[in-house]
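Beneath this line is the structure, given in structure tokens, with notes to follow.
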Amino acid sequence: MARTKLYAGIYVVLFVLATVQALVEGVESIDYWTAFGIIIVLSFAKAIVVAAYYQHLRWEPRSVSYLMVGGLFVALALTTAAAYSIL
Amino acid sequence: MSHEHDHGHDFPPMSSVKRWFVTTNHKDIGILYTVTALFFLLLGGALAMLMRVQLWSPLWNVLGEGAYNQAVSAHGLLMVFWFISPFAFGFANYIIPLQIGADDLAFPRLNAMSYWAYLFSGLLFIVSFFQGGSFSGGWTMYAPLNVPTFMPNVGGTTVVLALIMFVAAVTMGSVNFLTTMYRMRAEGLRMRDLPMFSMSILLTVWMMLFAFAALLAALIILGADHVFGTTYFTSDGGTLLWTHLFWFFGHPEVYIVFFPALGIMAECFQTFTGQRLVGRKWFVLAMVLVALQSFVVWMHHMFLTGINLEIKTLFMVTTIGISLPFDLMVFSLIYTMIKGRIRFTTPFLFSLGALILFIVGGITGVFLGAVVLDYEFRGTYWVVAHFHYVMVGGATGLFAGIYYWFPKMTGRMYDEFLGKLHFATYFVGFNLLYFPMFVAWETPRRVFAYAPGLSSWHQVATVGGFILGLSFLVMFYNLFKSIATGEEVGDNPWEYSTTAEWAVSSPPPLENFPGVPSYEGGKLSFRDEHEAAADGGASTAADGGTADASTATGSGGVATGGGALATAESALASQATAEPEHADHASYWPVVVCFAGFLAFLGISGVRNGGFYYGLTAAGGVLAAVGFVGMAQESFHVPEPTVAEQWPFGGVENMKLGMWMFLGSDVVLFGGFIGSYLFLRVANGWQHWHHLIPEDHVVLPGLLNTYLLLTSSFAVVLALVAAHKRSRLGVVASLGLTWVLGVGFLANKAIEWLHLFHIHSEAFPNGWEVGTNVASSTFYLTTGLHGAHVIVGLIMILYMIPRAWKGAYLDDDSSLEYFGLYWHFVDIVWLFLFPLFYIL
């Protein structure tokens, strides 16, 4: 299971995406909420890649992914509904 | 007892005190849970008696305000957390492995740790009374009453820490039960065919895994407000934040408490009517629905707060919606009685009583789910009455359980007359106590002042309370007497019981079964271990056929929770072995580690007072370190089952699944922290927040730490690759690199924090410290929690490097992989913390 090249490629992509996140904030032509959206989407993208390849979720039974998605859903439900309740 | 004569385990007999400190066997742990929970029932009950004496007349002043507030708070917390659920998990520990055909839980030492953490957390709670007064802010611990400003006693902080320790015990238990039930079921036992009690516990532990993680987030934040001086619950939006976090846990908690009772009721209704549960499939589906819906109804506890009308309306709808599956379950139980022939034994009477009480509790709860009615009833005794009809109604089902399984746990029958006497006094006392509260609903809850015109109802309630309390004297006398002189029972004293625990002796042998349990033939049978290992189970037997499963006791009769279909779910759990393996059952490290935790938490509770408390904290920390190292070094053998049903987690070994379960819980823990930060930002104005942060708080340290963690994650992956290539030096170097990068991460963070602590700008002339404002509090605490995870990971690496040097991971790299799961998760969390706290 020598996937060294794959892992290295993923590392480079993650490194670049983190840098992009930091740079997006400084681009004056992008308004705050657009930048917000880009940065959050990039965070989710990086998290999915780490989980899928470094944690090997891609090669585990799908039920393990459902378990983690369940936890994430619970956290998001709490956050979004609570925040909406005071808008 | 037959426990004592199994194999040559060098395991102390049950009569030995030592056994109860070192045991990891699920049946022993079950007994420990049951006895300890009953102790907390007595403690919480004594507090309730004090309250009822105080409430005899609004003119009396028996306790005084402070003591009454403490009694109310401690009663609620002790009963909800330290009695009801642990009582249910006493049965779960004892019965679940027997019902599913497992020798023990997946992680026996973790199970023992779960129990000891539970016990010591309860002792920590008791200590709080001697630290200038215990917690006095009600069991819901509403903010801002829960912060030191309003509760300066050390005891208040101790209770928060005791709850944190309790939640740690719950999380360990949840992970253990989930792994066991998904990975160690007998051959042919499909998930859908689990007996009703096992099914109820499965759904309960799923709810516990996620709901208690949200509570843990709330408690750690509250603990930080107490110990570190953060300002979460005193800032704008802080009070609402607490209610969101608490009730997001609190509503599933109602079902966490009630589901095990429901499972016991279903078992007892089947056994004592001789009738399979009517609509069993729909009953199970309704339970699944309730478990899911329980996470989307929490705001009906907040109708009187300032949340907007749209969300109130939405949650009113979801709340009404959750009552529908319960209707189905109630009708199923009623029809089971109608279609069967009832035997009015004590367990059945308690089950029937629980059903009646729950119907009353459920109907009165629907009132509180309607926004307009809730405006009137909230904060009154209507809520107190409804709440007790549901929660103590659930406990009533659990008392059915203690009579139902008493013969199995002791090998002797209880006294039926005394059992029925207990039920009669219990049921009368219960209704005399709680029903008048509906009539006197205008009484304000949590305080002892009420309108004098309501005193006669309160006096009836007090009389009922004492009758209820005295009924337990009958129960304890019955149980003690019966243990010594009760009629001896065989394997199965109940004519129509059908689940697997009744197929073995009473009490069961240490390792439960005389062979490998299997449902492949449509009935429970026991296969020779060698034979089962050799053919890997009849995993490809015919599909179809719905033969009812019944136990091999010969008493048989009605069906269990379903047929045992032979399907391709079966899987080889482990390599076939030439000789039967025997498990270890004793370790004293769990009690050592949890005692260390007790000392450490006790120390932290008063660490602001310094001196003695510093010493306790340090002693606890050192002892915990010794305990964990001792546990890691200890040789403790836990064989996985030779053949087992493992759907849907086939191929994910126990340890790995346990780690994933833990991480699932950790997702919600961090979700609670990040959600709190986002909620408070919304409450304070999203972009106004920037004014709360100093100019010196720049992106670069966060970006640098992102690079460090990403690189460390890559290094962990390289360690795994090196292990595959059997490169010992490669593994050591990769782990070493990971450690260096992790330390670099912490060092960078320390430099950043020190700089922020000591900035002197116009806006922050005294630095930007933990308690400066809500932005600093959220920043330091959330990234601090993440930093604590990094430190735990670094300690693990320090343990692994010498082992890697000796070549430990070249033949079996699973430990490396499990560590990697944890470390990558820590990395993933940072991928969100970085933008949220440094960029946006």
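Chain identifiers are assigned as A, B, and so on, following the order in which chains appear in the structure tokens; residues are numbered from 1 within each chain, and ligands are numbered from 1 in order of appearance.
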
Kindly provide, as a ChimeraX atom specification, the residues of chain B having any atom no farther than 6 Å from an atom of chain A, counting only C-alpha atoms. /B:307-308,311,664,667-668,671,675,679,821,828,831-832

Could you name the residues that touch Ala112 (chain B) at 9 Å or less, counting only C-alpha atoms, but leaving out those on the same chain fewer than 3 positions away, as a compact mmCIF listing (two decimals) with C-alpha atoms, in the first residue's frame?
```
# COMPACT_ATOMS: atom_id res chain seq x y z
CA VAL B 22 -10.16 -5.04 40.20
CA THR B 23 -12.97 -6.67 38.26
CA THR B 24 -13.52 -5.82 34.60
CA ASN B 25 -16.20 -8.46 34.03
CA HIS B 26 -19.41 -6.99 32.69
CA ILE B 29 -19.59 -4.02 36.75
CA PHE B 107 -13.23 -3.03 26.12
CA PRO B 108 -13.53 -4.48 29.63
CA ARG B 109 -10.98 -2.18 31.27
CA TYR B 115 -17.83 2.74 36.39
CA TRP B 116 -15.07 4.15 38.59
CA ALA B 117 -15.29 7.55 36.93
CA SER B 587 -7.02 -4.89 36.50
CA PRO B 590 -9.02 1.66 36.16
CA VAL B 591 -9.69 2.45 39.81
```

Would you mind listing what lies within 9 Å of Phe837 (chain B) as a PyMOL selection string, with only C-alpha atoms counted and same-chain residues fewer than 6 positions away left out? chain B and resi 699+702+778-779+783

Which residue, B:Ala74, B:Leu746, B:Met655, B:Leu119, has the smallest gap to Gly156 (chain B) when you use only C-alpha atoms?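 Ranking B:Ala74, B:Leu746, B:Met655, B:Leu119 by distance to Gly156 (chain B), first place goes to B:Ala74.
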
Give me, as a list in words, all polymer residues having an atom no more than 7 Å from region 38-40 of chain B, counting only C-alpha atoms and skipping those fewer than 6 positions away in the same chain.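 Surrounding residues, per the criterion: Leu78, Trp82 and Phe83 of chain B.
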
Mind checking which residues fall within 12 Å of His300 (chain B), counting only C-alpha atoms, ignoring those fewer than 2 positions away in the same chain, and posting them as a ChimeraX atom specification? /A:85 /B:243-244,247-248,250-251,294-298,302-305,307,309,311-320,322,365-375,378

Would you save the residues of that selection, restricted to C-alpha atoms, as an mmCIF file, in the first residue's frame?
```cif
data_model
loop_
_atom_site.group_PDB
_atom_site.id
_atom_site.type_symbol
_atom_site.label_atom_id
_atom_site.label_comp_id
_atom_site.auth_asym_id
_atom_site.auth_seq_id
_atom_site.Cartn_x
_atom_site.Cartn_y
_atom_site.Cartn_z
ATOM 1 C CA SER A 85 -33.036 31.883 16.878
ATOM 2 C CA THR B 243 -29.941 27.326 27.459
ATOM 3 C CA HIS B 244 -29.191 26.259 23.892
ATOM 4 C CA TRP B 247 -31.330 21.823 26.261
ATOM 5 C CA PHE B 248 -29.687 20.503 23.124
ATOM 6 C CA GLY B 250 -31.414 18.031 27.870
ATOM 7 C CA HIS B 251 -34.187 16.927 25.596
ATOM 8 C CA SER B 294 -34.988 14.232 19.982
ATOM 9 C CA PHE B 295 -32.233 16.428 18.533
ATOM 10 C CA VAL B 296 -34.614 18.861 16.861
ATOM 11 C CA VAL B 297 -37.039 19.791 19.636
ATOM 12 C CA TRP B 298 -34.844 21.404 22.288
ATOM 13 C CA MET B 302 -36.960 28.109 25.646
ATOM 14 C CA PHE B 303 -40.318 29.563 24.631
ATOM 15 C CA LEU B 304 -40.107 32.163 27.389
ATOM 16 C CA THR B 305 -36.690 33.389 26.290
ATOM 17 C CA ILE B 307 -35.703 33.611 20.676
ATOM 18 C CA LEU B 309 -41.331 33.641 16.983
ATOM 19 C CA ILE B 311 -38.185 29.376 15.546
ATOM 20 C CA LYS B 312 -40.662 28.957 18.403
ATOM 21 C CA THR B 313 -43.349 27.974 15.911
ATOM 22 C CA LEU B 314 -41.012 25.566 14.149
ATOM 23 C CA PHE B 315 -40.067 23.883 17.409
ATOM 24 C CA MET B 316 -43.679 23.683 18.489
ATOM 25 C CA VAL B 317 -44.332 21.675 15.324
ATOM 26 C CA THR B 318 -41.350 19.374 15.863
ATOM 27 C CA THR B 319 -42.404 18.874 19.488
ATOM 28 C CA ILE B 320 -45.937 17.889 18.583
ATOM 29 C CA ILE B 322 -42.292 13.713 18.457
ATOM 30 C CA GLY B 365 -46.124 17.448 28.280
ATOM 31 C CA VAL B 366 -47.946 18.211 25.061
ATOM 32 C CA PHE B 367 -49.391 21.261 26.859
ATOM 33 C CA LEU B 368 -45.858 22.533 27.348
ATOM 34 C CA GLY B 369 -45.038 22.012 23.694
ATOM 35 C CA ALA B 370 -47.633 24.597 22.664
ATOM 36 C CA VAL B 371 -46.166 28.110 22.733
ATOM 37 C CA VAL B 372 -49.199 29.865 24.186
ATOM 38 C CA LEU B 373 -49.859 27.311 26.931
ATOM 39 C CA ASP B 374 -46.193 27.197 27.755
ATOM 40 C CA TYR B 375 -46.220 30.951 28.427
ATOM 41 C CA ARG B 378 -43.453 27.521 32.333
#
```

Write out as a PyMOL selection string all residues of region 275-469 of chain B that DSSP puts in helix (DSSP H, G or I) for this structure's backbone. chain B and resi 280-296+298-302+309-339+346-369+371-377+381-410+416-439+452-469

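Between Arg341 (chain B) and the candidates B:Tyr809, B:Phe269, B:Phe825, B:Tyr838, the tightest atom-to-atom separation, counting only C-alpha atoms, involves B:Phe269.
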